[in-house]
Structure formats: C-alpha cells, structure tokens
Amino acid sequence: AQSVTQPDIHITVSEGASLELRCNYSYGATPYLFWYVQSPGQGLQLLLKYFSGDTLVQGIKGFEAEFKRSQSSFNLRKPSVHWSDAAEYFCAVSPYTNAGKSTFGDGTTLTVKP
Amino acid sequence: NAGVTQTPKFQVLKTGQSMTLQCAQDMNHNSMYWYRQDPGMGLRLIYYSASEGTTDKGEVPNGYNVSRLNKREFSLRLESAAPSQTSVYFCASSEGRGTDTQYFGPGTRLTVL
C-alpha cells in the first residue's frame with residue numbers, strides 16, 4: 001500500500017526567506033506525486049505534479065519540487081516566501097494506473113512572519 | 001464556469017439523522033470523488049466514481065453511500081449519522097485519466113451531535 005509522510009506539522013518562515021517542505025512517500029513502483037495548497041476555509045488547489053521525465057517540476061505561484069527516487073522524497077521549495085503563501089500544504093501520491101486513488105499526507109501548516 | 005460546487009456549506013445533525021451532501025461539476029469531467037478531512041489529517045477517500053454509472057469504495061466507506069446521478073452530479077449520503085462522521089467533506093472531479101488533476105469544491109462542514 002502507498003503512504004505519504006510529511007515530517008513537519010508546522011513551519012514558520014519570515015517573509016522573503018526561502019522555504020522547503022518535506023515529503024516522503026512509500027510506493028512499490030514509480031508513483032504520481034502531487035503538491036496541493038489549502039487556504040483557510042477553502043478546498044485544495046494543485047500546485048504541481050510529477051509523473052515522469054525531468055525530476056525538477058515547476059508549479060504555480062513560484063513553487064517547485066524535486067523528485068528524488070533514491071530518497072523516496074518529493075520536497076516542495078520556494079526561493080522567497082510571500083505573506084500570501086501562509087496556508088496548509090499537502091503532498092499526495094497515487095498509483096500509476098489511477099490518480100483517483102490518491103493518498104494524502106497529514107499536511108504542513110506554513111506561517112509567514114512579517 | 002463554476003467548477004465544483006457543493007451544498008450545503010454547513011450542516012449540524014443529531015445522531016441517527018440522515019442527510020445527503022450534493023456535489024456538481026461543470027467541467028465535463030468523467031471522474032468524481034468524495035473525501036473527508038479531519039483535524040490534523042490529510043484527506044481520506046470515501047468513495048469515487050471513475051465514470052458515469054460506476055462507483056467504488058475508497059479508504060473509509062463505512063457509514064456512507066453514494067450516487068452518481070449523471071455525469072455532472074455525485075451525492076454522498078449518511079443514512080444514520082454518528083459523531084465520528086463530524087468532519088469537513090470535499091468533493092473533487094477530474095478528467096479520469098491516470099495523470100490528471102483533481103479539482104476540489106469548497107467543502108461542507110458537518111457536525112454530528
């Protein structure tokens with residue numbers, strides 16, 4: 001069975017600082033990997049996804065993520081955080097054959113200090 | 001183009017009552033999903049419908065039923081609500097291919113007393 005671990009429950013960074021959110025997955029084959037963002041009271045919005053090819057994936061809002069097969073990781077990064085990035089971030093993994101069977105991590109809450 | 005809509009936004013039930021959560025999408029998507037989100041946890045899949053006329057259980061289906069009424073609509077029914085079903089419920093849809101993106105509705109916050 002697939003699983004996702006987001007080791008950091010809560011991260012606080014200063015505005016303008018760089019950000020890295022960690023995601024580790026467990027899956028027997030090459031997975032599909034996703035990062036979603038959820039603002040308070042809202043549904044989830046896709047930031048980026050990885051299926052194959054280039055292991056560095058660019059997403060919306062200036063985010064990027066790097067797939068590292070050897071480490072079973074898919075960490076999310078942003079070089080300079082804005083106050084509007086404060087939200088909850090979810091990593092998800094799904095099997096090759098069915099993206100609908102996604103398994104989500106428990107999420108990381110990002111607080112941005114002025 | 002409203003995307004994915006859910007009704008109601010909020011609901012309070014007493015233990016044992018029943019209710020149906022409604023979801024509709026206007027993106028002509030084939031697949032639709034129901035998730036629940038509990039505090040400090042990610043989303044857990046309750047049921048999904050890969051295409052019109054089909055439904056399958058997800059990770060936490062007990063206590064729920066679903067109906068794929070047509071291509072646009074996918075409802076979730078709680079026949080006899082329990083306090084353990086207090087949660088935020090999200091509906092999502094996707095084109096239905098293996099690599100596609102899921103689009104989420106705004107959620108329904110349900111409290112069972």
# chains A, B, ... in the order shown; residues from 1 in each chain; ligands from 1
>>> closest_atom_pairs(of="chain B", to="range 7-26 of chain A", cutoff="12 Å", atoms="only C-alpha atoms", output="Markdown table")
| residue | atom | partner | partner_atom | distance |
| --- | --- | --- | --- | --- |
| B:Pro39 | CA | A:Ile9 | CA | 11.9 |
| B:Gly40 | CA | A:Ile9 | CA | 8.3 |
| B:Met41 | CA | A:Ile9 | CA | 9.9 |
| B:Gly42 | CA | A:Ile9 | CA | 11.3 |
>>> write_last_selection(atoms="N, CA, C and O atoms", output="PDB file, in the first residue's frame")
ATOM      1  N   PRO B  39      -9.305  17.094  11.562  1.00  0.00           N
ATOM      2  CA  PRO B  39      -8.244  17.986  12.059  1.00  0.00           C
ATOM      3  C   PRO B  39      -6.894  17.297  12.138  1.00  0.00           C
ATOM      4  O   PRO B  39      -6.779  16.186  12.670  1.00  0.00           O
ATOM      5  N   GLY B  40      -5.868  17.952  11.619  1.00  0.00           N
ATOM      6  CA  GLY B  40      -4.520  17.411  11.696  1.00  0.00           C
ATOM      7  C   GLY B  40      -4.259  16.254  10.756  1.00  0.00           C
ATOM      8  O   GLY B  40      -3.216  15.593  10.866  1.00  0.00           O
ATOM      9  N   MET B  41      -5.185  16.026   9.862  1.00  0.00           N
ATOM     10  CA  MET B  41      -5.019  14.904   8.940  1.00  0.00           C
ATOM     11  C   MET B  41      -5.219  15.362   7.511  1.00  0.00           C
ATOM     12  O   MET B  41      -5.850  16.385   7.247  1.00  0.00           O
ATOM     13  N   GLY B  42      -4.696  14.566   6.622  1.00  0.00           N
ATOM     14  CA  GLY B  42      -4.936  14.837   5.217  1.00  0.00           C
ATOM     15  C   GLY B  42      -6.298  14.347   4.802  1.00  0.00           C
ATOM     16  O   GLY B  42      -7.125  13.963   5.628  1.00  0.00           O
TER      17      GLY B  42
END
>>> residues_around(residues="range 24-27 of chain B", least_positions_apart="2", cutoff="10 Å", atoms="only C-alpha atoms", output="ChimeraX atom specification")
/B:1-7,22,29-30,32,69-75,91-95,103-105
>>> write_last_selection(atoms="N, CA and C atoms", output="mmCIF file, in the first residue's frame")
data_model
loop_
_atom_site.group_PDB
_atom_site.id
_atom_site.type_symbol
_atom_site.label_atom_id
_atom_site.label_comp_id
_atom_site.auth_asym_id
_atom_site.auth_seq_id
_atom_site.Cartn_x
_atom_site.Cartn_y
_atom_site.Cartn_z
ATOM 1 N N ASN B 1 -18.388 29.478 -15.546
ATOM 2 C CA ASN B 1 -17.777 28.196 -15.204
ATOM 3 C C ASN B 1 -17.522 28.162 -13.707
ATOM 4 N N ALA B 2 -18.403 27.456 -12.963
ATOM 5 C CA ALA B 2 -18.321 27.468 -11.510
ATOM 6 C C ALA B 2 -17.335 26.440 -10.988
ATOM 7 N N GLY B 3 -16.915 25.457 -11.803
ATOM 8 C CA GLY B 3 -16.011 24.422 -11.324
ATOM 9 C C GLY B 3 -16.783 23.354 -10.568
ATOM 10 N N VAL B 4 -16.371 23.102 -9.326
ATOM 11 C CA VAL B 4 -17.027 22.110 -8.473
ATOM 12 C C VAL B 4 -17.788 22.849 -7.373
ATOM 13 N N THR B 5 -19.073 22.575 -7.277
ATOM 14 C CA THR B 5 -19.896 23.210 -6.255
ATOM 15 C C THR B 5 -20.429 22.156 -5.297
ATOM 16 N N GLN B 6 -20.566 22.552 -4.044
ATOM 17 C CA GLN B 6 -21.066 21.652 -3.003
ATOM 18 C C GLN B 6 -22.153 22.355 -2.202
ATOM 19 N N THR B 7 -23.176 21.611 -1.851
ATOM 20 C CA THR B 7 -24.202 22.114 -0.944
ATOM 21 C C THR B 7 -24.545 21.034 0.073
ATOM 22 N N GLN B 22 -24.552 17.230 -1.593
ATOM 23 C CA GLN B 22 -24.636 17.318 -3.044
ATOM 24 C C GLN B 22 -23.347 17.884 -3.625
ATOM 25 N N HIS B 29 -16.154 16.501 -16.576
ATOM 26 C CA HIS B 29 -15.212 15.508 -16.096
ATOM 27 C C HIS B 29 -15.878 14.144 -15.967
ATOM 28 N N ASN B 30 -15.067 13.113 -16.187
ATOM 29 C CA ASN B 30 -15.591 11.757 -16.074
ATOM 30 C C ASN B 30 -15.603 11.251 -14.632
ATOM 31 N N MET B 32 -15.332 11.511 -10.386
ATOM 32 C CA MET B 32 -15.675 12.343 -9.238
ATOM 33 C C MET B 32 -15.351 11.599 -7.954
ATOM 34 N N LEU B 69 -25.482 10.437 -10.062
ATOM 35 C CA LEU B 69 -26.793 10.699 -10.639
ATOM 36 C C LEU B 69 -26.708 10.869 -12.156
ATOM 37 N N ASN B 70 -25.672 11.509 -12.602
ATOM 38 C CA ASN B 70 -25.403 11.715 -14.027
ATOM 39 C C ASN B 70 -23.937 12.137 -14.117
ATOM 40 N N LYS B 71 -23.507 12.581 -15.279
ATOM 41 C CA LYS B 71 -22.102 12.910 -15.400
ATOM 42 C C LYS B 71 -21.718 14.088 -14.505
ATOM 43 N N ARG B 72 -22.642 15.000 -14.270
ATOM 44 C CA ARG B 72 -22.349 16.214 -13.513
ATOM 45 C C ARG B 72 -22.401 16.035 -12.000
ATOM 46 N N GLU B 73 -23.252 15.130 -11.521
ATOM 47 C CA GLU B 73 -23.581 15.135 -10.093
ATOM 48 C C GLU B 73 -23.185 13.844 -9.385
ATOM 49 N N PHE B 74 -22.672 14.011 -8.159
ATOM 50 C CA PHE B 74 -22.225 12.873 -7.361
ATOM 51 C C PHE B 74 -22.581 13.183 -5.913
ATOM 52 N N SER B 75 -23.519 12.453 -5.346
ATOM 53 C CA SER B 75 -24.001 12.758 -3.998
ATOM 54 C C SER B 75 -23.477 11.747 -2.987
ATOM 55 N N CYS B 91 -15.675 17.369 -2.198
ATOM 56 C CA CYS B 91 -15.924 16.698 -3.459
ATOM 57 C C CYS B 91 -14.865 17.161 -4.450
ATOM 58 N N ALA B 92 -14.462 16.286 -5.342
ATOM 59 C CA ALA B 92 -13.492 16.652 -6.370
ATOM 60 C C ALA B 92 -13.871 15.970 -7.676
ATOM 61 N N SER B 93 -13.340 16.492 -8.767
ATOM 62 C CA SER B 93 -13.571 15.865 -10.062
ATOM 63 C C SER B 93 -12.285 15.916 -10.878
ATOM 64 N N SER B 94 -12.197 15.039 -11.852
ATOM 65 C CA SER B 94 -11.055 15.030 -12.761
ATOM 66 C C SER B 94 -11.478 14.438 -14.096
ATOM 67 N N GLU B 95 -10.638 14.631 -15.109
ATOM 68 C CA GLU B 95 -10.996 14.109 -16.428
ATOM 69 C C GLU B 95 -11.102 12.591 -16.417
ATOM 70 N N TYR B 103 -9.852 18.632 -9.214
ATOM 71 C CA TYR B 103 -10.335 19.962 -8.871
ATOM 72 C C TYR B 103 -11.311 19.805 -7.711
ATOM 73 N N PHE B 104 -11.088 20.608 -6.682
ATOM 74 C CA PHE B 104 -11.845 20.435 -5.448
ATOM 75 C C PHE B 104 -12.919 21.501 -5.280
ATOM 76 N N GLY B 105 -14.023 21.098 -4.650
ATOM 77 C CA GLY B 105 -15.031 22.046 -4.220
ATOM 78 C C GLY B 105 -14.621 22.711 -2.922
#
>>> atom_distance(atom1="CA of Val12 in chain B", atom2="CA of Gln38 in chain A")
23.4 Å
>>> interface_residues(of="chain A", to="chain B", cutoff="12 Å", atoms="only C-alpha atoms", output="JSON, numbers by chain")
{"A": [1, 2, 3, 4, 5, 6, 8, 9, 10, 31, 32, 33, 34, 35, 36, 37, 38, 39, 40, 41, 42, 43, 44, 45, 46, 47, 48, 49, 50, 51, 52, 88, 89, 90, 91, 92, 93, 94, 95, 96, 97, 98, 99, 100, 101, 102, 103, 104, 105, 106, 107, 108, 109]}
>>> write_last_selection(atoms="C-alpha atoms", output="mmCIF file, in the first residue's frame")
data_model
loop_
_atom_site.group_PDB
_atom_site.id
_atom_site.type_symbol
_atom_site.label_atom_id
_atom_site.label_comp_id
_atom_site.auth_asym_id
_atom_site.auth_seq_id
_atom_site.Cartn_x
_atom_site.Cartn_y
_atom_site.Cartn_z
ATOM 1 C CA ALA A 1 0.000 0.000 0.000
ATOM 2 C CA GLN A 2 1.128 3.531 -0.687
ATOM 3 C CA SER A 3 1.766 6.071 2.049
ATOM 4 C CA VAL A 4 2.929 9.647 2.449
ATOM 5 C CA THR A 5 4.781 11.249 5.343
ATOM 6 C CA GLN A 6 5.113 14.964 5.875
ATOM 7 C CA ASP A 8 6.876 18.829 9.647
ATOM 8 C CA ILE A 9 3.467 19.607 11.118
ATOM 9 C CA HIS A 10 4.101 23.336 11.347
ATOM 10 C CA PRO A 31 4.333 6.980 -8.369
ATOM 11 C CA TYR A 32 2.461 10.034 -9.421
ATOM 12 C CA LEU A 33 3.266 12.796 -6.934
ATOM 13 C CA PHE A 34 1.345 15.958 -6.189
ATOM 14 C CA TRP A 35 1.544 19.035 -4.002
ATOM 15 C CA TYR A 36 -1.663 20.853 -3.079
ATOM 16 C CA VAL A 37 -2.265 24.047 -1.131
ATOM 17 C CA GLN A 38 -5.290 24.757 1.041
ATOM 18 C CA SER A 39 -6.096 28.245 2.253
ATOM 19 C CA PRO A 40 -8.310 28.565 5.344
ATOM 20 C CA GLY A 41 -11.897 27.604 4.605
ATOM 21 C CA GLN A 42 -11.088 26.633 1.040
ATOM 22 C CA GLY A 43 -10.734 23.475 -0.981
ATOM 23 C CA LEU A 44 -7.406 22.179 -2.232
ATOM 24 C CA GLN A 45 -5.631 23.658 -5.227
ATOM 25 C CA LEU A 46 -2.964 21.830 -7.197
ATOM 26 C CA LEU A 47 0.477 23.469 -7.071
ATOM 27 C CA LEU A 48 2.384 20.967 -9.188
ATOM 28 C CA LYS A 49 2.633 17.317 -10.121
ATOM 29 C CA TYR A 50 5.264 14.818 -11.216
ATOM 30 C CA PHE A 51 4.684 11.853 -13.491
ATOM 31 C CA SER A 52 7.906 11.223 -15.332
ATOM 32 C CA GLU A 88 -1.657 24.312 4.628
ATOM 33 C CA TYR A 89 0.274 22.203 2.156
ATOM 34 C CA PHE A 90 -0.441 18.604 1.295
ATOM 35 C CA CYS A 91 1.691 16.093 -0.526
ATOM 36 C CA ALA A 92 -0.108 13.215 -2.244
ATOM 37 C CA VAL A 93 0.874 10.020 -4.048
ATOM 38 C CA SER A 94 -1.211 7.937 -6.392
ATOM 39 C CA PRO A 95 -0.650 4.706 -8.262
ATOM 40 C CA TYR A 96 0.377 4.804 -11.873
ATOM 41 C CA THR A 97 -2.942 3.467 -13.044
ATOM 42 C CA ASN A 98 -5.379 5.579 -11.060
ATOM 43 C CA ALA A 99 -4.790 9.141 -9.909
ATOM 44 C CA GLY A 100 -8.148 8.966 -8.179
ATOM 45 C CA LYS A 101 -6.727 6.629 -5.575
ATOM 46 C CA SER A 102 -4.504 9.331 -4.137
ATOM 47 C CA THR A 103 -3.169 9.053 -0.614
ATOM 48 C CA PHE A 104 -2.570 12.356 1.130
ATOM 49 C CA GLY A 105 -0.075 13.280 3.816
ATOM 50 C CA ASP A 106 -1.296 14.886 7.015
ATOM 51 C CA GLY A 107 -0.230 18.322 5.839
ATOM 52 C CA THR A 108 2.218 21.050 6.849
ATOM 53 C CA THR A 109 0.918 24.380 8.081
#
>>> atom_distance(atom1="CA of Ala65 in chain A", atom2="CA of Gly28 in chain A")
20.7 Å
>>> atom_distance(atom1="CA of Leu110 in chain A", atom2="CA of Asp85 in chain A")
7.6 Å
>>> select_by_dssp(residues="chain B", states="strand (DSSP E or B)", output="VMD selection string")
chain B and resid 4 to 7 10 to 13 19 to 25 31 to 37 43 to 49 56 to 57 64 to 68 73 to 78 87 to 94 103 to 104 108 to 112
>>> residues_around(residues="Ala82 in chain B", least_positions_apart="3", cutoff="9 Å", atoms="only C-alpha atoms", output="list in words")
Leu13, Lys14, Thr15, Gly16, Gln17, Gly63, Leu78, Gln85, Thr86, Val112 and Leu113 of chain B
